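A.B. asks: Quick one: the structure is below, questions incoming.
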Amino acid sequence: LSEAANDGSASVKVRLMAPYVNSAKHAVLVGDTEADIQAAKRAGVRSIAVTCGIRDRRLLEAEEPDAICRRLVDVNLTQHNGLRCEVVS
């Protein structure tokens, strides 16, 4: 991503995702910032917050993501479009 495209704002992330999200039913945005969760909501897709990034859990929970995982490797996208995290702390 270019410097301008990676400024962290939700609107930029939504614009970058748009060409790739042809079915919100099958899309999930995994992110570590409030802007990531906001972008998912604005794009109409589900979100998973990971707490191993630059924001703490409290800030991410305030955005009400669909799931919260401690680490990216804990994310498990199950059959039938379910979301769950193997380890939630």
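Chain identifiers are assigned as A, B, and so on, following the order in which chains appear in the structure tokens; residues are numbered from 1 within each chain, and ligands are numbered from 1 in order of appearance.
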Can you pull out the residues contacting Ala49 (chain A)? Cut-off 6 Å, using only C-alpha atoms, and skip same-chain residues under 6 positions away; I want them as a PDB file with all heavy atoms, in the first residue's frame.

C.D. replies:
```
ATOM      1  N   VAL A  30      -9.764  -9.048   9.218  1.00  0.00           N
ATOM      2  CA  VAL A  30      -9.028  -9.281  10.451  1.00  0.00           C
ATOM      3  C   VAL A  30      -8.110  -8.081  10.645  1.00  0.00           C
ATOM      4  O   VAL A  30      -7.341  -7.738   9.756  1.00  0.00           O
ATOM      5  CB  VAL A  30      -8.202 -10.584  10.379  1.00  0.00           C
ATOM      6  CG1 VAL A  30      -7.413 -10.797  11.662  1.00  0.00           C
ATOM      7  CG2 VAL A  30      -9.104 -11.782  10.086  1.00  0.00           C
ATOM      8  N   GLY A  31      -8.209  -7.444  11.804  1.00  0.00           N
ATOM      9  CA  GLY A  31      -7.393  -6.268  12.023  1.00  0.00           C
ATOM     10  C   GLY A  31      -7.038  -6.046  13.474  1.00  0.00           C
ATOM     11  O   GLY A  31      -7.593  -6.687  14.369  1.00  0.00           O
ATOM     12  N   ASP A  32      -6.119  -5.099  13.689  1.00  0.00           N
ATOM     13  CA  ASP A  32      -5.647  -4.822  15.045  1.00  0.00           C
ATOM     14  C   ASP A  32      -5.878  -3.383  15.485  1.00  0.00           C
ATOM     15  O   ASP A  32      -5.322  -2.940  16.482  1.00  0.00           O
ATOM     16  CB  ASP A  32      -4.170  -5.187  15.186  1.00  0.00           C
ATOM     17  CG  ASP A  32      -3.256  -4.331  14.310  1.00  0.00           C
ATOM     18  OD1 ASP A  32      -3.772  -3.575  13.466  1.00  0.00           O
ATOM     19  OD2 ASP A  32      -2.035  -4.418  14.477  1.00  0.00           O
ATOM     20  N   ILE A  68     -12.935 -11.667  18.832  1.00  0.00           N
ATOM     21  CA  ILE A  68     -11.645 -11.130  19.260  1.00  0.00           C
ATOM     22  C   ILE A  68     -10.714 -12.299  19.521  1.00  0.00           C
ATOM     23  O   ILE A  68     -11.078 -13.250  20.222  1.00  0.00           O
ATOM     24  CB  ILE A  68     -11.772 -10.274  20.529  1.00  0.00           C
ATOM     25  CG1 ILE A  68     -12.678  -9.076  20.281  1.00  0.00           C
ATOM     26  CG2 ILE A  68     -10.397  -9.817  21.010  1.00  0.00           C
ATOM     27  CD1 ILE A  68     -12.917  -8.215  21.499  1.00  0.00           C
TER      28      ILE A  68
END
```

A.B. asks: I'd like the neighbourhood of Val28 (chain A) as a PDB file with C-alpha atoms, in the first residue's frame, where a residue qualifies if any of its atoms comes within 6 Å (using only C-alpha atoms), though same-chain residues fewer than 5 positions away should be ignored.

C.D. replies:
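So part34.pdb came out as:
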```pdb
ATOM      1  CA  VAL A  45     -18.444  -7.545   6.329  1.00  0.00           C
ATOM      2  CA  ARG A  46     -17.685  -9.375   9.554  1.00  0.00           C
ATOM      3  CA  SER A  47     -14.656  -8.465  11.640  1.00  0.00           C
TER       4      SER A  47
END
```

A.B. asks: I'd like the interatomic distance between CA of Asp56 (chain A) and CA of Asp74 (chain A), to a tenth of an Å.

C.D. replies: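 Result for CA of Asp56 (chain A) versus CA of Asp74 (chain A): 16.7 Å, one decimal.
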
A.B. asks: Can you write out as JSON lines which residues of region 23-62 of chain A fall within 10 Å of region 10-14 of chain A, alongside each residue's closest atom pair and its distance in Å to one decimal, counting only C-alpha atoms and ordering rows by chain and ascending residue number?

C.D. replies:
```
{"residue": "A:Thr33", "atom": "CA", "partner": "A:Ala10", "partner_atom": "CA", "distance": 9.8}
{"residue": "A:Glu34", "atom": "CA", "partner": "A:Ala10", "partner_atom": "CA", "distance": 8.4}
{"residue": "A:Ala35", "atom": "CA", "partner": "A:Ala10", "partner_atom": "CA", "distance": 4.7}
{"residue": "A:Asp36", "atom": "CA", "partner": "A:Ala10", "partner_atom": "CA", "distance": 6.4}
{"residue": "A:Ile37", "atom": "CA", "partner": "A:Ala10", "partner_atom": "CA", "distance": 8.1}
{"residue": "A:Gln38", "atom": "CA", "partner": "A:Ala10", "partner_atom": "CA", "distance": 5.8}
{"residue": "A:Ala39", "atom": "CA", "partner": "A:Ala10", "partner_atom": "CA", "distance": 4.5}
{"residue": "A:Ala40", "atom": "CA", "partner": "A:Val14", "partner_atom": "CA", "distance": 7.3}
{"residue": "A:Lys41", "atom": "CA", "partner": "A:Val14", "partner_atom": "CA", "distance": 9.2}
{"residue": "A:Arg42", "atom": "CA", "partner": "A:Val14", "partner_atom": "CA", "distance": 7.0}
{"residue": "A:Ala43", "atom": "CA", "partner": "A:Val14", "partner_atom": "CA", "distance": 5.9}
{"residue": "A:Gly44", "atom": "CA", "partner": "A:Val14", "partner_atom": "CA", "distance": 9.6}
```

A.B. asks: Can you write just those residues out, N, CA and C atoms, as a PDB file, in the first residue's frame?

C.D. replies:
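File out-v6.pdb, as written:
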```
ATOM      1  N   THR A  33      -6.732  -2.652  14.751  1.00  0.00           N
ATOM      2  CA  THR A  33      -7.028  -1.272  15.138  1.00  0.00           C
ATOM      3  C   THR A  33      -8.529  -1.013  15.066  1.00  0.00           C
ATOM      4  N   GLU A  34      -8.928   0.079  15.695  1.00  0.00           N
ATOM      5  CA  GLU A  34     -10.327   0.491  15.630  1.00  0.00           C
ATOM      6  C   GLU A  34     -10.736   0.767  14.187  1.00  0.00           C
ATOM      7  N   ALA A  35      -9.840   1.362  13.410  1.00  0.00           N
ATOM      8  CA  ALA A  35     -10.147   1.669  12.006  1.00  0.00           C
ATOM      9  C   ALA A  35     -10.439   0.399  11.214  1.00  0.00           C
ATOM     10  N   ASP A  36      -9.772  -0.690  11.543  1.00  0.00           N
ATOM     11  CA  ASP A  36     -10.034  -1.962  10.851  1.00  0.00           C
ATOM     12  C   ASP A  36     -11.456  -2.436  11.117  1.00  0.00           C
ATOM     13  N   ILE A  37     -11.880  -2.383  12.374  1.00  0.00           N
ATOM     14  CA  ILE A  37     -13.225  -2.838  12.726  1.00  0.00           C
ATOM     15  C   ILE A  37     -14.268  -1.901  12.123  1.00  0.00           C
ATOM     16  N   GLN A  38     -14.018  -0.607  12.170  1.00  0.00           N
ATOM     17  CA  GLN A  38     -14.929   0.367  11.553  1.00  0.00           C
ATOM     18  C   GLN A  38     -15.036   0.144  10.053  1.00  0.00           C
ATOM     19  N   ALA A  39     -13.918  -0.155   9.404  1.00  0.00           N
ATOM     20  CA  ALA A  39     -13.931  -0.400   7.957  1.00  0.00           C
ATOM     21  C   ALA A  39     -14.769  -1.619   7.626  1.00  0.00           C
ATOM     22  N   ALA A  40     -14.644  -2.663   8.421  1.00  0.00           N
ATOM     23  CA  ALA A  40     -15.440  -3.875   8.190  1.00  0.00           C
ATOM     24  C   ALA A  40     -16.928  -3.551   8.287  1.00  0.00           C
ATOM     25  N   LYS A  41     -17.303  -2.812   9.301  1.00  0.00           N
ATOM     26  CA  LYS A  41     -18.717  -2.453   9.465  1.00  0.00           C
ATOM     27  C   LYS A  41     -19.210  -1.606   8.300  1.00  0.00           C
ATOM     28  N   ARG A  42     -18.420  -0.643   7.879  1.00  0.00           N
ATOM     29  CA  ARG A  42     -18.824   0.224   6.768  1.00  0.00           C
ATOM     30  C   ARG A  42     -18.927  -0.547   5.462  1.00  0.00           C
ATOM     31  N   ALA A  43     -18.102  -1.588   5.316  1.00  0.00           N
ATOM     32  CA  ALA A  43     -18.138  -2.397   4.095  1.00  0.00           C
ATOM     33  C   ALA A  43     -19.186  -3.498   4.180  1.00  0.00           C
ATOM     34  N   GLY A  44     -19.787  -3.674   5.350  1.00  0.00           N
ATOM     35  CA  GLY A  44     -20.818  -4.694   5.510  1.00  0.00           C
ATOM     36  C   GLY A  44     -20.266  -6.096   5.631  1.00  0.00           C
TER      37      GLY A  44
END
```

A.B. asks: Rounded to one decimal in Å, what is the spacing between CA of Arg70 (chain A) and CA of Arg15 (chain A)?

C.D. replies: 27.1 Å

A.B. asks: Among region 12-78 of chain A, which residues carry a DSSP assignment of strand (DSSP E or B), reported as a PyMOL selection string?

C.D. replies: chain A and resi 28-31+46-50+67-69+75-78

A.B. asks: Please produce an output containing N, CA and C atoms for each residue in the selection, written as a PDB file, in the first residue's frame.

C.D. replies:
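Contents of result17.pdb, freshly written:
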```pdb
ATOM      1  N   VAL A  28     -14.354 -11.499   5.528  1.00  0.00           N
ATOM      2  CA  VAL A  28     -14.022 -11.220   6.924  1.00  0.00           C
ATOM      3  C   VAL A  28     -12.791 -10.327   6.918  1.00  0.00           C
ATOM      4  N   LEU A  29     -12.828  -9.261   7.708  1.00  0.00           N
ATOM      5  CA  LEU A  29     -11.656  -8.409   7.849  1.00  0.00           C
ATOM      6  C   LEU A  29     -11.040  -8.700   9.217  1.00  0.00           C
ATOM      7  N   VAL A  30      -9.764  -9.048   9.218  1.00  0.00           N
ATOM      8  CA  VAL A  30      -9.028  -9.281  10.451  1.00  0.00           C
ATOM      9  C   VAL A  30      -8.110  -8.081  10.645  1.00  0.00           C
ATOM     10  N   GLY A  31      -8.209  -7.444  11.804  1.00  0.00           N
ATOM     11  CA  GLY A  31      -7.393  -6.268  12.023  1.00  0.00           C
ATOM     12  C   GLY A  31      -7.038  -6.046  13.474  1.00  0.00           C
ATOM     13  N   ARG A  46     -17.967  -9.033   8.167  1.00  0.00           N
ATOM     14  CA  ARG A  46     -17.685  -9.375   9.554  1.00  0.00           C
ATOM     15  C   ARG A  46     -16.250  -9.006   9.905  1.00  0.00           C
ATOM     16  N   SER A  47     -15.991  -8.876  11.203  1.00  0.00           N
ATOM     17  CA  SER A  47     -14.656  -8.465  11.640  1.00  0.00           C
ATOM     18  C   SER A  47     -14.144  -9.339  12.766  1.00  0.00           C
ATOM     19  N   ILE A  48     -12.836  -9.523  12.762  1.00  0.00           N
ATOM     20  CA  ILE A  48     -12.140 -10.188  13.859  1.00  0.00           C
ATOM     21  C   ILE A  48     -11.031  -9.249  14.299  1.00  0.00           C
ATOM     22  N   ALA A  49     -11.036  -8.891  15.570  1.00  0.00           N
ATOM     23  CA  ALA A  49      -9.965  -8.071  16.123  1.00  0.00           C
ATOM     24  C   ALA A  49      -8.903  -8.986  16.711  1.00  0.00           C
ATOM     25  N   VAL A  50      -7.646  -8.653  16.473  1.00  0.00           N
ATOM     26  CA  VAL A  50      -6.547  -9.384  17.093  1.00  0.00           C
ATOM     27  C   VAL A  50      -5.832  -8.435  18.046  1.00  0.00           C
ATOM     28  N   ALA A  67     -15.641 -11.031  16.538  1.00  0.00           N
ATOM     29  CA  ALA A  67     -14.838 -11.934  17.367  1.00  0.00           C
ATOM     30  C   ALA A  67     -13.547 -11.220  17.738  1.00  0.00           C
ATOM     31  N   ILE A  68     -12.935 -11.667  18.832  1.00  0.00           N
ATOM     32  CA  ILE A  68     -11.645 -11.130  19.260  1.00  0.00           C
ATOM     33  C   ILE A  68     -10.714 -12.299  19.521  1.00  0.00           C
ATOM     34  N   CYS A  69      -9.523 -12.228  18.956  1.00  0.00           N
ATOM     35  CA  CYS A  69      -8.506 -13.252  19.162  1.00  0.00           C
ATOM     36  C   CYS A  69      -7.240 -12.607  19.719  1.00  0.00           C
ATOM     37  N   VAL A  75      -7.000 -17.321  14.871  1.00  0.00           N
ATOM     38  CA  VAL A  75      -8.201 -17.128  14.053  1.00  0.00           C
ATOM     39  C   VAL A  75      -8.498 -18.421  13.311  1.00  0.00           C
ATOM     40  N   ASN A  76      -9.737 -18.862  13.396  1.00  0.00           N
ATOM     41  CA  ASN A  76     -10.160 -20.079  12.712  1.00  0.00           C
ATOM     42  C   ASN A  76     -11.491 -19.787  12.025  1.00  0.00           C
ATOM     43  N   LEU A  77     -11.461 -19.693  10.707  1.00  0.00           N
ATOM     44  CA  LEU A  77     -12.689 -19.484   9.943  1.00  0.00           C
ATOM     45  C   LEU A  77     -13.272 -20.859   9.657  1.00  0.00           C
ATOM     46  N   THR A  78     -14.343 -21.192  10.352  1.00  0.00           N
ATOM     47  CA  THR A  78     -14.920 -22.527  10.264  1.00  0.00           C
ATOM     48  C   THR A  78     -15.899 -22.632   9.111  1.00  0.00           C
TER      49      THR A  78
END
```
